[in-house]
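K.L.:
Below is the file work.cif, which contains mmCIF, C-alpha atoms.
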```cif
data_upload
loop_
_atom_site.label_atom_id
_atom_site.label_comp_id
_atom_site.auth_asym_id
_atom_site.auth_seq_id
_atom_site.Cartn_x
_atom_site.Cartn_y
_atom_site.Cartn_z
CA MET A 1 -24.65 -42.53 69.97
CA PHE A 2 -21.66 -40.52 71.12
CA GLN A 3 -19.84 -42.26 73.92
CA LYS A 4 -16.30 -40.87 73.79
CA VAL A 5 -15.83 -37.11 73.68
CA PHE A 6 -12.54 -35.31 73.09
CA LEU A 7 -12.35 -31.90 74.77
CA PHE A 8 -9.94 -29.41 73.23
CA ASN A 9 -8.25 -26.76 75.31
CA GLY A 10 -8.27 -23.10 74.33
CA ILE A 11 -5.80 -20.31 74.92
CA GLY A 12 -5.70 -19.66 78.64
CA SER A 13 -3.27 -21.83 80.55
CA SER A 14 0.23 -20.43 80.74
CA TYR A 15 2.50 -22.01 78.17
CA GLU A 16 5.04 -22.83 80.89
CA LYS A 17 2.47 -24.95 82.74
CA LEU A 18 1.43 -26.74 79.57
CA LEU A 19 5.00 -27.56 78.58
CA ALA A 20 5.97 -28.60 82.10
CA LYS A 21 3.34 -31.33 81.92
CA LEU A 22 4.35 -32.63 78.52
CA PRO A 23 6.25 -35.90 79.05
CA PRO A 24 9.78 -36.16 77.57
CA GLU A 25 8.60 -38.95 75.23
CA LEU A 26 6.38 -36.46 73.40
CA ASN A 27 8.82 -33.56 73.45
CA ASP A 28 10.49 -34.37 70.13
CA LYS A 29 7.17 -34.40 68.32
CA TYR A 30 6.13 -31.18 70.01
CA SER A 31 9.41 -29.45 69.10
CA TYR A 32 9.16 -30.66 65.52
CA TYR A 33 5.66 -29.24 65.03
CA TYR A 34 6.44 -26.06 66.95
CA GLU A 35 9.50 -25.38 64.84
CA ILE A 36 7.55 -25.82 61.58
CA ALA A 37 4.78 -23.55 62.86
CA CYS A 38 7.28 -20.87 63.91
CA ALA A 39 9.01 -21.01 60.55
CA ARG A 40 5.66 -20.53 58.81
CA LEU A 41 4.63 -17.62 61.02
CA GLY A 42 8.06 -15.95 61.10
CA LEU A 43 8.54 -16.52 64.81
CA ASN A 44 11.58 -17.55 66.80
CA LYS A 45 11.21 -21.11 68.09
CA ASP A 46 12.61 -19.92 71.44
CA ILE A 47 9.51 -18.31 72.87
CA GLU A 48 11.42 -15.85 75.05
CA LYS A 49 13.27 -14.45 72.05
CA ASN A 50 10.06 -13.19 70.45
CA LEU A 51 9.25 -9.59 71.20
CA GLY A 52 6.07 -7.52 71.38
CA TYR A 53 3.07 -9.02 69.63
CA ASP A 54 5.16 -11.92 68.36
CA SER A 55 5.77 -12.96 71.93
CA LYS A 56 2.04 -13.33 72.53
CA ILE A 57 1.53 -15.24 69.27
CA ALA A 58 4.43 -17.59 70.09
CA GLN A 59 2.84 -18.28 73.49
CA TRP A 60 -0.65 -18.75 72.08
CA LEU A 61 0.68 -21.27 69.59
CA VAL A 62 1.76 -23.64 72.38
CA PRO A 63 -1.69 -25.06 73.34
CA PHE A 64 -2.46 -25.73 69.68
CA ILE A 65 0.70 -27.77 69.22
CA CYS A 66 0.26 -29.54 72.57
CA ASP A 67 -3.32 -30.46 71.65
CA ARG A 68 -2.17 -31.92 68.37
CA VAL A 69 0.58 -34.00 69.95
CA ILE A 70 -1.75 -35.35 72.63
CA TYR A 71 -4.54 -35.97 70.16
CA GLU A 72 -2.21 -38.03 67.99
CA HIS A 73 -0.98 -39.88 71.09
CA PHE A 74 -4.56 -40.80 72.04
CA ILE A 75 -5.30 -42.00 68.52
CA CYS A 76 -2.10 -44.10 68.55
CA LYS A 77 -3.26 -45.65 71.82
CA GLY A 78 -6.51 -46.65 70.13
CA ILE A 79 -8.67 -44.08 71.89
CA ILE A 80 -10.92 -42.84 69.11
CA PRO A 81 -13.45 -40.06 69.65
CA ASP A 82 -17.10 -40.31 68.69
CA ILE A 83 -17.36 -36.53 68.88
CA GLY A 84 -15.25 -33.54 69.91
CA MET A 85 -15.76 -30.11 71.39
CA GLY A 86 -13.49 -27.10 71.68
CA TYR A 87 -13.32 -24.57 74.50
CA SER A 88 -12.93 -21.15 72.84
CA SER A 89 -9.87 -21.37 70.58
CA GLY A 90 -9.99 -25.11 71.26
CA ILE A 91 -12.60 -25.01 68.48
CA VAL A 92 -9.75 -24.27 66.07
CA SER A 93 -7.68 -27.11 67.54
CA ALA A 94 -10.59 -29.52 67.23
CA SER A 95 -11.22 -28.40 63.64
CA ALA A 96 -7.57 -29.05 62.75
CA CYS A 97 -7.25 -32.38 64.57
CA PHE A 98 -10.49 -33.58 62.96
CA ASN A 99 -9.16 -32.54 59.53
CA ALA A 100 -11.84 -29.92 58.90
CA ILE A 101 -8.97 -27.47 58.34
CA PRO A 102 -5.21 -28.05 57.87
CA HIS A 103 -3.03 -27.53 60.94
CA GLU A 104 -1.25 -24.80 59.01
CA ALA A 105 -4.55 -22.91 58.84
CA ALA A 106 -4.93 -23.23 62.61
CA TRP A 107 -1.50 -21.63 63.03
CA ASP A 108 -2.47 -18.87 60.61
CA ILE A 109 -5.60 -18.25 62.66
CA VAL A 110 -3.43 -17.77 65.75
CA LYS A 111 -1.34 -15.29 63.81
CA SER A 112 -4.45 -13.41 62.67
CA HIS A 113 -4.94 -12.47 66.33
CA ARG A 114 -1.88 -10.24 65.95
CA SER A 115 -3.93 -7.62 64.12
CA MET A 116 -6.52 -7.86 66.89
CA LEU A 117 -3.90 -6.99 69.49
CA ILE A 118 -2.66 -4.08 67.37
CA ALA A 119 -6.20 -2.78 66.80
CA LEU A 120 -6.90 -2.94 70.54
CA ASP A 121 -3.75 -0.98 71.31
CA GLU A 122 -4.52 1.63 68.67
CA ALA A 123 -8.05 2.10 69.98
CA HIS A 124 -6.76 2.42 73.57
CA GLU A 125 -9.59 0.10 74.50
CA GLU A 126 -9.02 -1.42 77.92
CA LEU A 127 -10.61 -4.84 78.00
CA ASP A 128 -10.27 -7.82 80.28
CA THR A 129 -11.66 -11.16 81.32
CA GLY A 130 -12.09 -12.67 84.75
CA ILE A 131 -12.94 -15.90 86.52
CA ILE A 132 -15.73 -16.28 89.06
CA VAL A 133 -15.92 -19.44 91.17
CA GLY A 134 -18.87 -20.18 93.42
CA PHE A 135 -21.91 -18.88 91.53
CA SER A 136 -24.31 -20.69 89.23
CA TYR A 137 -24.76 -19.12 85.80
CA ASP A 138 -28.24 -17.88 86.69
CA ASP A 139 -27.20 -16.42 90.05
CA LEU A 140 -24.25 -14.69 88.44
CA SER A 141 -26.39 -13.36 85.58
CA GLU A 142 -28.89 -11.93 88.04
CA LEU A 143 -26.16 -10.29 90.09
CA LEU A 144 -24.31 -8.80 87.10
CA ASN A 145 -27.40 -7.70 85.18
CA LYS A 146 -28.35 -5.44 88.07
CA GLU A 147 -25.04 -3.62 87.92
CA PHE A 148 -23.72 -3.77 84.36
CA SER A 149 -24.99 -3.28 80.84
CA PRO A 150 -24.17 -6.02 78.31
CA GLU A 151 -22.06 -3.45 76.43
CA ASP A 152 -19.76 -3.31 79.43
CA LEU A 153 -19.80 -6.85 80.74
CA VAL A 154 -21.13 -10.31 79.87
CA ILE A 155 -20.60 -13.86 81.03
CA GLY A 156 -18.24 -14.97 78.27
CA SER A 157 -18.62 -18.59 79.17
CA GLY A 158 -20.68 -20.56 81.64
CA ASN A 159 -18.26 -23.36 82.42
CA SER A 160 -20.04 -25.36 85.11
CA ALA A 161 -22.59 -24.99 87.88
CA PHE A 162 -20.03 -23.01 89.86
CA HIS A 163 -17.52 -21.62 87.38
CA ALA A 164 -17.80 -18.84 84.82
CA MET A 165 -15.62 -16.54 82.76
CA ILE A 166 -16.68 -12.89 82.56
CA SER A 167 -15.61 -10.61 79.76
CA GLY A 168 -15.85 -6.93 78.87
CA LYS A 169 -14.44 -3.52 79.66
CA ALA A 170 -11.56 -3.71 82.12
CA ARG A 171 -13.16 -1.37 84.64
CA ALA A 172 -16.39 -3.40 84.60
CA VAL A 173 -14.49 -6.66 85.04
CA GLU A 174 -12.63 -5.16 88.00
CA LYS A 175 -15.88 -3.96 89.61
CA ALA A 176 -17.61 -7.29 88.94
CA VAL A 177 -14.77 -9.18 90.62
CA GLU A 178 -15.09 -6.96 93.70
CA LEU A 179 -18.86 -7.39 93.74
CA CYS A 180 -18.68 -11.17 93.42
CA ILE A 181 -16.16 -11.44 96.26
CA LYS A 182 -18.46 -9.36 98.44
CA GLU A 183 -21.41 -11.57 97.52
CA GLY A 184 -19.67 -14.82 98.42
CA ALA A 185 -17.57 -15.98 95.48
CA LEU A 186 -15.09 -18.62 96.59
CA LYS A 187 -12.66 -17.02 94.21
CA ALA A 188 -12.89 -14.15 91.74
CA PHE A 189 -10.01 -12.62 89.86
CA ARG A 190 -9.05 -10.72 86.74
CA LEU A 191 -7.07 -12.52 84.08
CA ASN A 192 -5.45 -9.32 82.75
CA THR A 193 -5.74 -10.59 79.20
CA GLY A 194 -6.14 -7.16 77.60
CA THR A 195 -8.83 -8.77 75.43
CA ALA A 196 -12.50 -9.56 75.97
CA PHE A 197 -12.87 -12.91 74.26
CA HIS A 198 -16.51 -13.98 73.84
CA HIS A 199 -17.83 -10.42 74.15
CA SER A 200 -19.40 -8.83 71.06
CA ILE A 201 -17.03 -5.88 71.39
CA MET A 202 -14.30 -8.14 69.99
CA LYS A 203 -15.98 -8.36 66.59
CA LYS A 204 -14.65 -5.00 65.39
CA TYR A 205 -11.13 -5.94 66.49
CA SER A 206 -11.19 -9.36 64.87
CA LEU A 207 -11.79 -8.41 61.26
CA GLU A 208 -8.69 -10.20 59.99
CA TYR A 209 -9.63 -13.32 61.93
CA ILE A 210 -13.19 -13.21 60.57
CA ALA A 211 -11.97 -12.60 57.02
CA TYR A 212 -9.51 -15.48 57.30
CA CYS A 213 -12.23 -17.81 58.60
CA ASP A 214 -14.53 -16.69 55.78
CA ASP A 215 -11.94 -17.38 53.09
CA LEU A 216 -10.73 -20.67 54.50
CA LYS A 217 -11.81 -23.85 52.77
CA TYR A 218 -13.31 -26.21 55.32
CA ASN A 219 -13.90 -29.95 55.01
CA ALA A 220 -16.50 -32.01 56.79
CA PRO A 221 -14.86 -33.04 60.09
CA GLU A 222 -13.60 -36.61 60.42
CA TYR A 223 -15.62 -36.87 63.64
CA PRO A 224 -18.63 -34.69 64.54
CA MET A 225 -18.22 -31.67 66.78
CA MET A 226 -20.55 -30.21 69.41
CA SER A 227 -21.30 -26.50 69.13
CA VAL A 228 -20.62 -24.51 72.30
CA PHE A 229 -22.87 -21.76 70.91
CA ASP A 230 -26.11 -23.52 69.94
CA PHE A 231 -25.48 -27.12 71.14
CA SER A 232 -26.01 -28.67 67.73
CA VAL A 233 -23.95 -31.53 66.35
CA LEU A 234 -21.69 -30.24 63.60
CA THR A 235 -21.06 -32.66 60.77
CA THR A 236 -20.64 -30.51 57.66
CA ALA A 237 -17.92 -28.16 56.46
CA GLU A 238 -20.38 -25.24 56.59
CA GLN A 239 -21.32 -25.95 60.20
CA VAL A 240 -17.70 -26.15 61.33
CA ALA A 241 -16.95 -22.94 59.44
CA ARG A 242 -19.77 -21.17 61.28
CA GLU A 243 -18.55 -22.44 64.66
CA ASN A 244 -15.12 -20.97 63.90
CA GLN A 245 -16.58 -17.70 62.65
CA LEU A 246 -18.68 -17.22 65.79
CA ASN A 247 -15.70 -17.85 68.03
CA VAL A 248 -13.86 -14.88 69.63
CA TYR A 249 -16.87 -12.53 69.87
CA THR A 250 -19.79 -14.81 70.82
CA GLN A 251 -20.81 -15.86 74.33
CA MET A 252 -20.45 -19.60 74.86
CA ARG A 253 -22.02 -22.14 77.22
CA TRP A 254 -19.53 -24.91 77.86
CA ASP A 255 -21.70 -26.22 80.69
CA LEU A 256 -24.81 -26.66 78.53
CA ALA A 257 -22.83 -28.18 75.68
CA LEU A 258 -21.47 -30.81 78.11
CA LYS A 259 -25.02 -31.50 79.29
CA GLU A 260 -26.19 -31.91 75.72
CA LEU A 261 -23.40 -34.41 75.10
CA GLU A 262 -24.52 -36.41 78.12
CA GLN A 263 -28.07 -36.39 76.73
CA LEU A 264 -26.67 -37.80 73.53
CA GLY A 265 -25.12 -40.70 75.43
CA ALA A 266 -21.60 -39.46 76.18
CA THR A 267 -20.03 -41.09 79.23
CA GLU A 268 -16.29 -40.79 78.64
CA PHE A 269 -14.74 -37.38 78.26
CA PHE A 270 -11.06 -36.98 77.39
CA ASP A 271 -9.35 -33.73 78.29
CA ILE A 272 -6.81 -33.23 75.53
CA SER A 273 -4.87 -30.54 77.42
CA THR A 274 -1.54 -31.49 78.99
CA ASN A 275 -2.43 -29.99 82.37
CA GLY A 276 -6.02 -31.14 82.74
CA SER A 277 -7.31 -27.57 82.77
CA LEU A 278 -10.65 -28.49 81.19
CA SER A 279 -11.28 -31.33 83.62
CA LYS A 280 -10.91 -28.87 86.49
CA LEU A 281 -13.52 -26.40 85.31
CA SER A 282 -15.94 -28.91 83.77
CA ARG A 283 -18.53 -30.98 85.59
CA VAL A 284 -20.27 -34.07 84.24
CA GLY A 285 -22.86 -36.43 85.72
CA ARG A 286 -22.10 -39.28 88.10
CA LYS A 287 -22.26 -41.89 85.37
CA CYS A 288 -19.59 -40.04 83.38
CA LYS A 289 -15.87 -39.60 83.80
CA ILE A 290 -13.41 -37.03 82.54
CA TYR A 291 -10.05 -38.62 81.77
CA THR A 292 -7.00 -36.39 81.83
CA PHE A 293 -3.80 -36.86 79.89
CA ASP A 294 -2.17 -38.08 83.13
CA ASP A 295 -4.79 -40.85 83.40
CA ILE A 296 -4.08 -42.04 79.89
CA PHE A 297 -0.33 -41.59 79.79
CA SER A 298 0.45 -43.21 83.17
CA MET B 1 -27.81 -26.50 114.73
CA ARG B 2 -26.64 -30.05 114.11
CA GLU B 3 -24.67 -31.75 116.89
CA ILE B 4 -21.14 -32.75 116.02
CA THR B 5 -19.33 -35.55 117.85
CA ASN B 6 -15.59 -36.11 118.19
CA GLU B 7 -15.99 -39.10 115.88
CA ILE B 8 -17.54 -36.94 113.17
CA LYS B 9 -14.79 -34.33 113.64
CA ALA B 10 -12.17 -37.06 113.23
CA GLU B 11 -13.97 -38.38 110.17
CA ILE B 12 -14.06 -34.90 108.61
CA LYS B 13 -10.37 -34.37 109.32
CA ASP B 14 -9.46 -37.73 107.86
CA MET B 15 -11.56 -37.08 104.76
CA ILE B 16 -9.91 -33.69 104.23
CA PHE B 17 -6.37 -35.04 104.64
CA ASP B 18 -7.12 -37.95 102.29
CA TYR B 19 -8.57 -35.59 99.74
CA TYR B 20 -5.68 -33.12 99.68
CA ALA B 21 -3.09 -35.91 99.76
CA GLU B 22 -4.61 -37.41 96.63
CA GLU B 23 -5.37 -34.18 94.80
CA CYS B 24 -2.02 -32.56 95.55
CA GLU B 25 -0.09 -35.81 95.12
CA VAL B 26 1.60 -35.67 98.52
CA ASP B 27 2.06 -38.24 101.24
CA LYS B 28 -0.83 -38.03 103.71
CA ALA B 29 1.65 -38.35 106.56
CA SER B 30 3.25 -35.08 105.48
CA ILE B 31 0.00 -33.16 106.04
CA ASN B 32 -0.77 -31.75 109.48
CA ASP B 33 -2.95 -29.02 110.99
CA ASN B 34 -0.37 -26.36 110.15
CA THR B 35 0.07 -27.33 106.52
CA ASN B 36 -0.50 -24.23 104.39
CA LEU B 37 -2.96 -24.74 101.55
CA GLN B 38 -1.16 -22.59 99.04
CA ASP B 39 2.47 -22.58 100.11
CA ASP B 40 2.72 -26.27 100.95
CA LEU B 41 0.05 -27.87 98.77
CA GLU B 42 -0.50 -25.37 95.93
CA SER B 43 -4.20 -26.10 96.20
CA ASP B 44 -6.80 -23.98 94.41
CA SER B 45 -10.43 -22.93 94.74
CA LEU B 46 -11.61 -25.68 92.37
CA MET B 47 -10.24 -28.27 94.78
CA LEU B 48 -12.19 -26.60 97.56
CA VAL B 49 -15.40 -26.74 95.48
CA GLU B 50 -14.90 -30.45 94.93
CA LEU B 51 -14.31 -31.00 98.63
CA ILE B 52 -17.48 -29.06 99.46
CA GLU B 53 -19.48 -31.17 96.98
CA MET B 54 -17.97 -34.35 98.41
CA THR B 55 -18.71 -33.33 101.99
CA ALA B 56 -22.28 -32.31 101.13
CA ASP B 57 -22.86 -35.72 99.54
CA LYS B 58 -21.22 -37.67 102.36
CA PHE B 59 -23.09 -35.95 105.17
CA ASP B 60 -26.27 -35.10 103.25
CA LEU B 61 -25.84 -31.34 103.61
CA ASP B 62 -27.58 -28.61 101.66
CA ILE B 63 -24.97 -25.87 101.43
CA LYS B 64 -24.67 -22.93 99.05
CA LEU B 65 -21.18 -22.09 97.86
CA GLN B 66 -21.87 -18.38 98.46
CA SER B 67 -22.49 -19.08 102.16
CA ILE B 68 -19.01 -20.56 102.39
CA GLY B 69 -17.60 -17.70 100.31
CA LYS B 70 -19.06 -15.13 102.70
CA TYR B 71 -17.72 -17.06 105.70
CA MET B 72 -14.27 -17.15 104.06
CA LEU B 73 -14.35 -13.37 103.68
CA LYS B 74 -14.36 -13.11 107.47
CA THR B 75 -12.25 -16.17 108.14
CA PRO B 76 -9.63 -16.79 105.45
CA MET B 77 -8.57 -20.38 104.77
CA ASN B 78 -4.82 -20.53 105.19
CA THR B 79 -4.00 -23.75 106.95
CA MET B 80 -5.44 -27.23 107.15
CA SER B 81 -6.67 -26.36 110.63
CA ASP B 82 -8.79 -23.54 109.12
CA VAL B 83 -10.27 -25.95 106.59
CA ILE B 84 -11.14 -28.56 109.22
CA ASP B 85 -12.71 -25.91 111.40
CA MET B 86 -14.76 -24.58 108.50
CA PHE B 87 -16.04 -28.01 107.45
CA CYS B 88 -17.02 -28.82 111.03
CA LYS B 89 -19.00 -25.57 111.05
CA VAL B 90 -20.56 -26.43 107.69
CA TYR B 91 -21.66 -29.74 109.23
CA GLN B 92 -23.10 -27.98 112.27
CA PHE B 93 -24.63 -24.82 110.84
CA GLY B 94 -25.14 -25.43 107.11
CA ASN B 95 -25.85 -22.13 105.34
CA ASP B 96 -25.96 -20.33 108.69
CA ILE B 97 -22.18 -20.65 108.75
CA VAL B 98 -22.20 -17.04 107.50
CA GLU B 99 -23.35 -15.92 110.95
CA GLN B 100 -20.58 -17.76 112.80
#
```
Please render this file's structure as structure tokens.
P.N.:
Amino acid sequence: MFQKVFLFNGIGSSYEKLLAKLPPELNDKYSYYYEIACARLGLNKDIEKNLGYDSKIAQWLVPFICDRVIYEHFICKGIIPDIGMGYSSGIVSASACFNAIPHEAAWDIVKSHRSMLIALDEAHEELDTGIIVGFSYDDLSELLNKEFSPEDLVIGSGNSAFHAMISGKARAVEKAVELCIKEGALKAFRLNTGTAFHHSIMKKYSLEYIAYCDDLKYNAPEYPMMSVFDFSVLTTAEQVARENQLNVYTQMRWDLALKELEQLGATEFFDISTNGSLSKLSRVGRKCKIYTFDDIFS
Amino acid sequence: MREITNEIKAEIKDMIFDYYAEECEVDKASINDNTNLQDDLESDSLMLVELIEMTADKFDLDIKLQSIGKYMLKTPMNTMSDVIDMFCKVYQFGNDIVEQ
């Protein structure tokens, strides 16, 4: 029986927004971890002072450190998860917080994305992601399948009954956004990420990431994890390793994974992000509640 | 078309003001018909979805989000007055709001 679920945030929210929501009481801990991570990765602890690819890595590190600080705060408050689930790179955060991998490895994984950014630049591949609000997964699939091949565009993540992330070639993402607006999306916009996370095209650009995940020694997680790829409960080192390996280039279904958790008895969901970003895009049944950090901290 | 009374209109307006006051953490008294959704409240589309779901539940409406999206293409939602007007039309016309 899994009653309490911890939801781990991925890369996505701007680091400024995440840090703005971090209460002063937790700032010291955040700064301490961030400084150690920067020293390990050869980054400047002042985000703005990092240049080029380092700037991106320094920004991407922020949600990982925030997740850790908040996770530890929840544990200190006696809120213990029965299971956890990560949204995209939140899988890495969950793996680290649940001791399946060391936090240092999670930071190294962030740094391994540097080679992905370089490879994308060298290939002159223009990729992007976008957000579509107002279509169910099936309606959106039907609409996009008529216009785009999976090589050009996929739904990177079905987030809820009305929210999805699309991913693929930049031109296709742009056209899909225009199409969705015309067809009644409440909101549709490009994220201008320069990457196509959760599209198979990313596999060839993520070789360092994949190699790192392959070589990493995983432990069985302290608490089980729910797979956002096949909705199985992950309890072994091998299963968590696979979840991490699939990440980046595999389509995910956050919405179905949440449903599966409800089927398994989950009623209390805890959004581990500082700004409640997961609670906004997720939907759970009437008998369930998603608690944000604000709910717990106040 | 469903008839809408002044009482229902007032109820819809009150519900919308309550909702945005709570979601955007502002004093309800500071919200009026001219309050701008983005500039004054920094609201987003996810808040609108939640309000649509809430309204559909409260008034037992069957409304597709795309119908509202298509209506919004013709009639952008800028101020609270626009939102109230749209929700009154949702109450009256349901998915036929697109034709209004």
K.L.:
One decimal, Å: what's the distance from CA of Leu234 (chain A) over to CA of Thr195 (chain A), could you say?
P.N.:
27.7 Å
K.L.:
Up to 9 Å from chain A, what residues of chain B turn up? Count all atoms listed in the file and give them as an NGL selection string.
P.N.:
:B and (45-49 or 64-73)
K.L.:
When you draw a straight line from CA of Val177 (chain A) to CA of Gly276 (chain A), how long is it in Å?
P.N.:
24.9 Å
K.L.:
With the file shown as input, list the residues that the PyMOL selection byres ((chain A and resi 1) around 12) selects, as a compact mmCIF listing (two decimals) with C-alpha atoms, in the coordinates of the input.
P.N.:
```
# COMPACT_ATOMS: atom_id res chain seq x y z
CA PHE A 2 -21.66 -40.52 71.12
CA GLN A 3 -19.84 -42.26 73.92
CA LYS A 4 -16.30 -40.87 73.79
CA VAL A 5 -15.83 -37.11 73.68
CA PRO A 81 -13.45 -40.06 69.65
CA ASP A 82 -17.10 -40.31 68.69
CA ILE A 83 -17.36 -36.53 68.88
CA PRO A 224 -18.63 -34.69 64.54
CA VAL A 233 -23.95 -31.53 66.35
CA LEU A 261 -23.40 -34.41 75.10
CA GLU A 262 -24.52 -36.41 78.12
CA GLN A 263 -28.07 -36.39 76.73
CA LEU A 264 -26.67 -37.80 73.53
CA GLY A 265 -25.12 -40.70 75.43
CA ALA A 266 -21.60 -39.46 76.18
CA THR A 267 -20.03 -41.09 79.23
```
K.L.:
Residues near region 283-297 of chain A, anyone? I mean within 7 Å using all atoms listed in the file, not counting same-chain ones fewer than 4 positions away, as an MDAnalysis selection string.
P.N.:
chainID A and resid 160 267:274 276 279
K.L.:
Write the residues of the preceding selection, restricted to C-alpha atoms, as a PDB file, in the frame of the given file.
P.N.:
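As written to disk, selection.pdb reads:
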```pdb
ATOM      1  CA  SER A 160     -20.040 -25.360  85.110  1.00  0.00           C
ATOM      2  CA  THR A 267     -20.030 -41.090  79.230  1.00  0.00           C
ATOM      3  CA  GLU A 268     -16.290 -40.790  78.640  1.00  0.00           C
ATOM      4  CA  PHE A 269     -14.740 -37.380  78.260  1.00  0.00           C
ATOM      5  CA  PHE A 270     -11.060 -36.980  77.390  1.00  0.00           C
ATOM      6  CA  ASP A 271      -9.350 -33.730  78.290  1.00  0.00           C
ATOM      7  CA  ILE A 272      -6.810 -33.230  75.530  1.00  0.00           C
ATOM      8  CA  SER A 273      -4.870 -30.540  77.420  1.00  0.00           C
ATOM      9  CA  THR A 274      -1.540 -31.490  78.990  1.00  0.00           C
ATOM     10  CA  GLY A 276      -6.020 -31.140  82.740  1.00  0.00           C
ATOM     11  CA  SER A 279     -11.280 -31.330  83.620  1.00  0.00           C
TER      12      SER A 279
END
```
K.L.:
Name the residues that the PyMOL selection byres ((chain B and resi 63) around 12) pulls out of this structure, and write them as a PDB file with C-alpha atoms, keeping the file's coordinate frame.
P.N.:
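What follows is the written file expr34.pdb:
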```
ATOM      1  CA  GLY A 134     -18.870 -20.180  93.420  1.00  0.00           C
TER       2      GLY A 134
ATOM      3  CA  VAL B  49     -15.400 -26.740  95.480  1.00  0.00           C
ATOM      4  CA  ILE B  52     -17.480 -29.060  99.460  1.00  0.00           C
ATOM      5  CA  GLU B  53     -19.480 -31.170  96.980  1.00  0.00           C
ATOM      6  CA  MET B  54     -17.970 -34.350  98.410  1.00  0.00           C
ATOM      7  CA  THR B  55     -18.710 -33.330 101.990  1.00  0.00           C
ATOM      8  CA  ALA B  56     -22.280 -32.310 101.130  1.00  0.00           C
ATOM      9  CA  ASP B  57     -22.860 -35.720  99.540  1.00  0.00           C
ATOM     10  CA  PHE B  59     -23.090 -35.950 105.170  1.00  0.00           C
ATOM     11  CA  ASP B  60     -26.270 -35.100 103.250  1.00  0.00           C
ATOM     12  CA  LEU B  61     -25.840 -31.340 103.610  1.00  0.00           C
ATOM     13  CA  ASP B  62     -27.580 -28.610 101.660  1.00  0.00           C
ATOM     14  CA  LYS B  64     -24.670 -22.930  99.050  1.00  0.00           C
ATOM     15  CA  LEU B  65     -21.180 -22.090  97.860  1.00  0.00           C
ATOM     16  CA  GLN B  66     -21.870 -18.380  98.460  1.00  0.00           C
ATOM     17  CA  SER B  67     -22.490 -19.080 102.160  1.00  0.00           C
ATOM     18  CA  ILE B  68     -19.010 -20.560 102.390  1.00  0.00           C
ATOM     19  CA  GLY B  69     -17.600 -17.700 100.310  1.00  0.00           C
ATOM     20  CA  PHE B  87     -16.040 -28.010 107.450  1.00  0.00           C
ATOM     21  CA  LYS B  89     -19.000 -25.570 111.050  1.00  0.00           C
ATOM     22  CA  VAL B  90     -20.560 -26.430 107.690  1.00  0.00           C
ATOM     23  CA  TYR B  91     -21.660 -29.740 109.230  1.00  0.00           C
ATOM     24  CA  GLN B  92     -23.100 -27.980 112.270  1.00  0.00           C
ATOM     25  CA  PHE B  93     -24.630 -24.820 110.840  1.00  0.00           C
ATOM     26  CA  GLY B  94     -25.140 -25.430 107.110  1.00  0.00           C
ATOM     27  CA  ASN B  95     -25.850 -22.130 105.340  1.00  0.00           C
ATOM     28  CA  ASP B  96     -25.960 -20.330 108.690  1.00  0.00           C
ATOM     29  CA  ILE B  97     -22.180 -20.650 108.750  1.00  0.00           C
ATOM     30  CA  VAL B  98     -22.200 -17.040 107.500  1.00  0.00           C
TER      31      VAL B  98
END
```
K.L.:
Please provide as a ChimeraX atom specification all residues within 12 Å of Asn9 (chain A), with the sequence filter that same-chain residues fewer than 4 positions apart are discarded (counting all atoms listed in the file).
P.N.:
/A:13-14,18,60-68,70-71,84-94,254,270-282,292-293
K.L.:
Expanded to explicit residues, what is the PyMOL selection byres ((chain A and resi 239-251) around 9) for this file, as a ChimeraX atom specification?
P.N.:
/A:88-89,91-92,95,100,154-158,196-203,206,209-211,213-214,216-221,225,227-229,233-238,252-253
K.L.:
Report, in Å with one decimal, the straight-line distance from CA of Asp54 (chain A) to CA of Arg114 (chain A).
P.N.:
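Result for CA of Asp54 (chain A) versus CA of Arg114 (chain A): 7.6 Å, one decimal.
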K.L.:
May I have the residues within 10 Å of Asp46 (chain A) as a list in words, using only C-alpha atoms and disregarding those fewer than 6 positions away in the same chain?
P.N.:
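The neighbour list is Tyr34, Glu35, Cys38, Ser55 and Ala58 of chain A.
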K.L.:
Using all atoms listed in the file for the distances, tell me which of B:Thr35, B:Gln100, B:Thr5, B:Ser43 is nearest to Glu22 (chain B).
P.N.:
B:Ser43
K.L.:
Skipping near chain neighbours, those fewer than 2 positions away, what residues fall within 8 Å of Ile4 (chain B) using all atoms listed in the file, listed as a ChimeraX atom specification?
P.N.:
/B:2,6,8-9,88,91-92
K.L.:
Write out as a list of chain:residue names the residues lying within 12 Å of Ala21 (chain B), counting all atoms listed in the file and excluding same-chain residues fewer than 2 positions away.
P.N.:
B:Asp14, B:Met15, B:Ile16, B:Phe17, B:Asp18, B:Tyr19, B:Glu23, B:Cys24, B:Glu25, B:Val26, B:Asp27, B:Lys28, B:Ala29, B:Ser30, B:Ile31, B:Asn32, B:Thr35, B:Leu37, B:Asp40, B:Leu41, B:Glu42, B:Ser43, B:Met47, B:Met80
